[in-house]
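Colleague: Supplied in structure tokens, the structure appears directly below.
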Amino acid sequence: DFPGIDRQDMIEEMEHYLVDNAGTNSVPIVSAVSSCSNYAGFASDPQNRGEQTSAQWVRFPFHDFVTADVAAGTGGLDASLGFESDRAENHGLFVNDTMEFLAPTMNAYISMADQVSLGVLVSVAECGGNAAAIPLRVGRIDALAAGPSGVPTPFTPIGPTLAQFAQAGFAANETIALVACGHSLGRVHAVNFPEIVGESPITSTNLDGGVTFDSTPTVLDPSGMNEYLTGTGSGGGPLVTTSNVSARSDFRLFSSDNNVTITNLAQNTGRICSGLFEKMLNTVPSTVTLSDPITPMPWKIVDFIMHCSPGGSVRIEGFIRALWTTTPPPNKITYNTVTSSGNVSRQHASDAASGSGSGLFGSTTYYHFVIGTDSPGTTSMNFQGYSYPIDDTIFVLPTQSTVKPDANTIEVKAAVLTSSLAGGTMEGTLYVPETQQGSMAKKITMVTVPMKFLSTNGNYTLFDGLVSVSNVEGVIAKVAVGSLGSKTVKTKLFNGGI
Ligand code: HEM
């Protein structure tokens, strides 16, 4: 994790990406694979490409993780593949299509590698697989350079192929099943592998010449396994049936144990595939500690901001999000605030519901709220059994802070209790997603914001700082006085923020 970024914020960001799929406050990730046959990539004439985003998103982590060395604790799911798209072993649109699509939504809370994991989960969900059996965790750290090569190709003999997977932690039967699970979706493309499928699949409605592995390329199901076992339909697909015998990598794997693994897999596809996908996604360098699984939050606070008046009174503002399936929540939500000395405020009502959305886990309803607090000393906001922690010791002032996209500057204003300042000074930090050489993924750079005294507002001292940044999108801000740090805030909540 980046220094100063809280795990809870990372978890809530991933929860947001998972739950807010359409409508108010939505993230356009699930829609890319809804339906499973959709192509949301960047090649021209996307409708006729013969490409499928869900299949690209499932193939991506295989190429990223399989060069791991679990004994050494290196490699795994770290988005290093973004630097390796030129290698022959990574041929195809999938690397850069995936990176380019996910780059705008990465930030200091959510790495590219975490988004790749989300991509597999939502593809499984939209392609009829057992998504509930893939717990999603966060905390993966993106590589800043290419890793070793060694992704098996269709021409790699079975010995080295199994050895590469073993190095990445997968036994032979797990390898066979993982490959068959992956190859339940998508295609071999003539533009990438003419030596396997020839050029004839290329037509005006299949520009990349995709040849499916099985009869149901948009369903994660046992069709391909059964077609292989019975010699029906696609017979297991091009990597089983190609006339180029040396490229029959699926045949070599599937038949290597007399079809025992494939036969079992065909009977337990959802459970086994999800378990192996999870193992693939959670193969990470030994320096990474993954979070507990993300669970959808029935109640949550989003876009939380704090204000400080000239006299030093503090207001809190934001949105309550309700997540529900059958019973719609009320038109307003009542809440109270609690102070460190145990004072409980009277019940306040939020504004009436002002936004709604939907997604994999149900419907969402959004309620704006704004209220003055007992300050200093308010420690939580409470509603519907949920308690949101508040810290009015030190906090960013988003509505007094400014983003200038044209000038690429960010001005941060923030408040700290004068008693906690204790003669010290405040420093800001911006976590800026920057473009980098060699990968379409962004790299998070921490930019220091020198801050100057601005004013005294009652019990608080306000500071102000201005810096130039290379990009103002997806930026997260934080301030600190010595070891006393504020909550982090997205600068999209600043004036002019995007
Ligand atoms: C020995 C191991 C493997 C070999 C040799 C292999 C080979 C290939 C090849 C040649 C393609 C065609 C790519 C294209 O033309 O666009 C392909 C596609 C695909 N592979 Fe594999 N693969 C292996 C393992 C895996 C694994 C472990 C997974 C996932 C868990 C996976 C998932 C996919 C998917 C989803 C596609 C379809 C991609 C698309 O339609 O864009 N593969 N694979």
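By convention in this document, the chains of the structure tokens carry letters A, B, ... by their order, each chain's residues are numbered from 1, and ligands are numbered from 1 in the order they are shown.
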Need to verify the contact set: range 64-69 of chain A, 7 Å, only C-alpha atoms, exclusion of same-chain residues closer than 3 positions in sequence. Can you return it as a tab-separated table (two decimals) with C-alpha atoms, in the first residue's frame?

Modeller:
chain	number	residue	atom	x	y	z
A	60	PHE	CA	-4.62	-11.33	-18.96
A	61	PRO	CA	-3.92	-12.66	-15.45
A	72	ALA	CA	11.45	-17.09	-4.33
A	73	GLY	CA	8.37	-14.97	-3.52
A	74	THR	CA	8.66	-12.98	-6.73
A	75	GLY	CA	6.28	-12.15	-9.55
A	76	GLY	CA	2.63	-13.09	-9.77
A	77	LEU	CA	-0.28	-10.80	-10.35
A	79	ALA	CA	0.45	-5.94	-13.89
A	80	SER	CA	4.05	-6.33	-15.09
A	81	LEU	CA	2.43	-7.69	-18.26
A	148	PRO	CA	10.86	-12.40	-16.58
A	149	SER	CA	9.54	-14.06	-19.73
A	150	GLY	CA	8.38	-17.67	-19.90
A	151	VAL	CA	4.65	-17.75	-20.68
A	164	GLN	CA	6.48	-23.14	-15.56
A	165	PHE	CA	3.09	-23.59	-13.89
A	167	GLN	CA	7.13	-22.65	-10.48
A	168	ALA	CA	4.02	-20.45	-10.21
A	280	MET	CA	-4.21	-17.41	-9.83
A	283	THR	CA	-0.49	-15.42	-6.49

Colleague: Grab me every residue within 6 Å of ligand 1, counting only C-alpha atoms and all ligand atoms, and send it over as a list in words.

Modeller: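 Protein and nucleic-acid residues within 6 Å of ligand 1: Glu51, Gln52, Ala55, Gln56, Val58, Arg59, Phe62, Gly92, Pro152, Thr153, Pro154, Thr161, Leu178, Val179, Gly182, His183, Leu185, Gly186, Arg187, Val188, His189, Asn192, Phe193 and Ser249 of chain A.
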
Colleague: For the structure I just gave you, how does DSSP split range 378-464 of chain A - specifically, which residues are strand (DSSP E)? Reply as a PyMOL selection string.

Modeller: chain A and resi 378-383+386-389+394-396+402-404+409-417+427-436+439-450+452-457+460-464

Colleague: Given only C-alpha atoms as the basis, pick out the residue of A:Leu207, A:Ala415, A:Cys127, A:Val449 nearest to Pro310 in chain A.

Modeller: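 With only C-alpha atoms as the atom set, the closest residue is A:Ala415.
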
Colleague: When you count only C-alpha atoms, which of these residues is closest to Tyr366 in chain A: A:Gly424, A:Gly4, A:Gly275, A:Gly23?

Modeller: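 For Tyr366 in chain A, the nearest of the candidates is A:Gly23.
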
Colleague: Find the residues around range 382-389 of chain A up to 10 Å (only C-alpha atoms counted), leave out those fewer than 6 positions away in its own chain, and share them as a PyMOL selection string.

Modeller: chain A and resi 297-301+320+322+333-338+344+347-348

Colleague: So which one's closest to Thr156 in chain A, A:Lys404, A:Lys413, A:Arg248, A:Lys452? Using only C-alpha atoms, please.

Modeller: A:Arg248

Colleague: Just checking: using only C-alpha atoms, which residue out of A:Val30, A:Leu162, A:Ala132, A:Val219 ends up closest to Arg271 in chain A?

Modeller: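 The shortest atom-to-atom distance to Arg271 in chain A comes from A:Ala132.
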